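A.B. asks: Structure in structure tokens, see below.
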Amino acid sequence: MTIDWINFTPGSALLGGAMIGLAAALLVMLTGRVMGISSMVGKLLGGAEGEAAWSISFIAGLVMAPIVLLLWQPAGNLPPATGLSLPILAAGGLLVGFGTRLGSGCTSGHGVCGLARLSPRSLVATLCFVASGALTVYMVRHVINSAGAA
Amino acid sequence: MIRLAALACGLLCGFGLMVAGMTDPAKVLAFLDVAGAWDPSLALVMAAAASMALVGFRVAGRLARPLLGGKADLPATRGIDPSLVAGSVLFGVGWGLVGFCPGPALVALGMFSGDAAIFLVAALLGKVLHDLVIPQAGGGPMLRFRGQG
């Protein structure tokens, strides 16, 4: 394991993380809801009538964040380019949608809020998705791609 | 009022994700690439976020009701079951393939990222597919809705 010191950004990671955590803290103190973003996205398709309204509002906040930032930085944020083909993007999305529904959560619900609630379930979930994510990247970058290059 | 609070929290969370660099899938994948040039930033993001949220949940736990009224709706604690493990593993595979998870993908959508739009539509389809193929255990869809994520 070699740490990439050039791209490691501890300061902005801690500051950004604290902002994400503050958002989760404010949401639960003010509204009594857990900041679980995959659940909120699920509610876009309807189902839990009273819950849809706040979920849509939170999602609107997420989508509007880079647009609001344009007021300060008119140069804007370039959208991230993944360089991935449509089938890979679609397969990744399908797995994320299916998996977060089956496992009742994603990085925000289990990784941030669940860990904050000291939930053993969320700890197990977080270890599972970090491990399988790391294994997937290992397979793609160091097995499939290096085999292709050889 | 609750909607306004949720909107403000969503904005704050979105700014946090941008500050942390988590809206860039390359940075997320660099965290997951433990055998390559490893960027530990995401671990610090999660640690800082969970620590901050821990204080919020402690305070919320002492309140009789949420500050804006209504009734708190926190997921009931359940045991560790095969669905939790299988679902989280599948989510990790998708996360590792693309480098997006739902929150950062929504922020990237606000940057007019076509990749994020494709990913999010597919994620919605994945949710629909789940509900078609997995029988809804006791209580039906409404009960299963109360996940954490």
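Residues are referred to by chain and number: the chain letter is A, B, ... according to the order shown in the structure tokens, the number counts from 1 in that chain, and ligands are numbered separately from 1 in the order shown.
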As a compact mmCIF listing (two decimals) with C-alpha atoms, in the first residue's frame, please: all residues of stretch 82-116 of chain B that backbone DSSP puts in helix (DSSP H, G or I).
C.D. replies:
```
# COMPACT_ATOMS: atom_id res chain seq x y z
CA PRO B 82 -28.42 -11.77 4.83
CA SER B 83 -30.26 -8.95 2.97
CA LEU B 84 -28.14 -6.32 4.70
CA VAL B 85 -24.91 -8.08 3.75
CA ALA B 86 -25.93 -9.05 0.21
CA GLY B 87 -27.38 -5.60 -0.52
CA SER B 88 -24.32 -3.78 0.81
CA VAL B 89 -21.96 -6.02 -1.17
CA LEU B 90 -23.93 -5.36 -4.39
CA PHE B 91 -23.98 -1.62 -3.68
CA GLY B 92 -20.19 -1.72 -3.21
CA VAL B 93 -19.70 -3.38 -6.59
CA GLY B 94 -21.69 -0.63 -8.33
CA TRP B 95 -19.87 2.05 -6.31
CA GLY B 96 -16.50 0.55 -7.26
CA LEU B 97 -17.45 0.29 -10.94
CA VAL B 98 -18.42 3.95 -11.33
CA PRO B 102 -26.49 8.52 -4.63
CA GLY B 103 -25.52 11.77 -2.79
CA PRO B 104 -22.52 12.80 -4.89
CA ALA B 105 -24.32 11.74 -8.08
CA LEU B 106 -27.17 14.17 -7.26
CA VAL B 107 -24.68 17.01 -6.71
CA ALA B 108 -22.95 16.09 -10.00
CA LEU B 109 -26.39 16.24 -11.65
CA GLY B 114 -24.63 13.42 -18.17
CA ASP B 115 -22.82 10.50 -16.55
CA ALA B 116 -24.56 11.25 -13.23
```
A.B. asks: Would you give me, as a Markdown table, each residue of stretch 20-127 of chain B having an atom within 7 Å of an atom of stretch 106-115 of chain A, along with its shortest atom pair and that distance in Å to one decimal, using only C-alpha atoms and sorting by chain and residue number?
C.D. replies:
```
| residue | atom | partner | partner_atom | distance |
| --- | --- | --- | --- | --- |
| B:Met46 | CA | A:Val112 | CA | 6.2 |
| B:Ala49 | CA | A:Val112 | CA | 6.0 |
| B:Ala50 | CA | A:Val112 | CA | 4.6 |
| B:Ala53 | CA | A:Cys113 | CA | 6.4 |
```
A.B. asks: From the list A:Ile144, A:Leu44, A:Leu70, A:Met1, which residue is nearest chain B when using only C-alpha atoms?
C.D. replies: A:Met1
A.B. asks: Between atom CA of B:Val19 and atom CA of B:Ala37, what is the distance, to one decimal in Å?
C.D. replies: 21.5 Å
A.B. asks: If you measure from atom CA of A:Leu86 to atom CA of B:Leu125, what distance in Å do you get, rounded to one decimal?
C.D. replies: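 Pair atom CA of A:Leu86 / atom CA of B:Leu125 returns 14.8 Å.
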A.B. asks: If we count only C-alpha atoms and set the cut-off at 6 Å, which residues sit around stretch 11-19 of chain A, ignoring sequence neighbours fewer than 3 positions away in its own chain? Please answer as a PyMOL selection string.
C.D. replies: (chain A and resi 22) or (chain B and resi 16-17+19-20+41+44-45+48-49+52)
A.B. asks: Take the selection from the previous step and output its residues with C-alpha atoms, as a PDB file, in the first residue's frame.
C.D. replies:
```pdb
ATOM      1  CA  LEU A  22     -23.571  18.991  10.418  1.00  0.00           C
TER       2      LEU A  22
ATOM      3  CA  GLY B  16     -19.752  19.571   2.054  1.00  0.00           C
ATOM      4  CA  LEU B  17     -19.510  16.902  -0.637  1.00  0.00           C
ATOM      5  CA  VAL B  19     -15.512  20.800  -0.456  1.00  0.00           C
ATOM      6  CA  ALA B  20     -14.473  17.234   0.358  1.00  0.00           C
ATOM      7  CA  SER B  41      -9.279  11.281   1.993  1.00  0.00           C
ATOM      8  CA  LEU B  44     -11.431  11.249   6.878  1.00  0.00           C
ATOM      9  CA  VAL B  45     -14.619  12.583   5.263  1.00  0.00           C
ATOM     10  CA  ALA B  48     -15.546  13.734  10.385  1.00  0.00           C
ATOM     11  CA  ALA B  49     -19.134  13.411   9.161  1.00  0.00           C
ATOM     12  CA  MET B  52     -20.418  15.535  13.808  1.00  0.00           C
TER      13      MET B  52
END
```
A.B. asks: Between B:Met22, B:Ile118, B:Met1, B:Ala72, which one has atoms that come closest to B:Asp39, using only C-alpha atoms?
C.D. replies: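 Counting only C-alpha atoms, the residue closest to B:Asp39 is B:Met22.
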A.B. asks: So how far away is atom CA of B:Pro135 from atom CA of A:Met35, in Å?
C.D. replies: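 Atom-to-atom, atom CA of A:Met35 to atom CA of B:Pro135, that is 26.0 Å.
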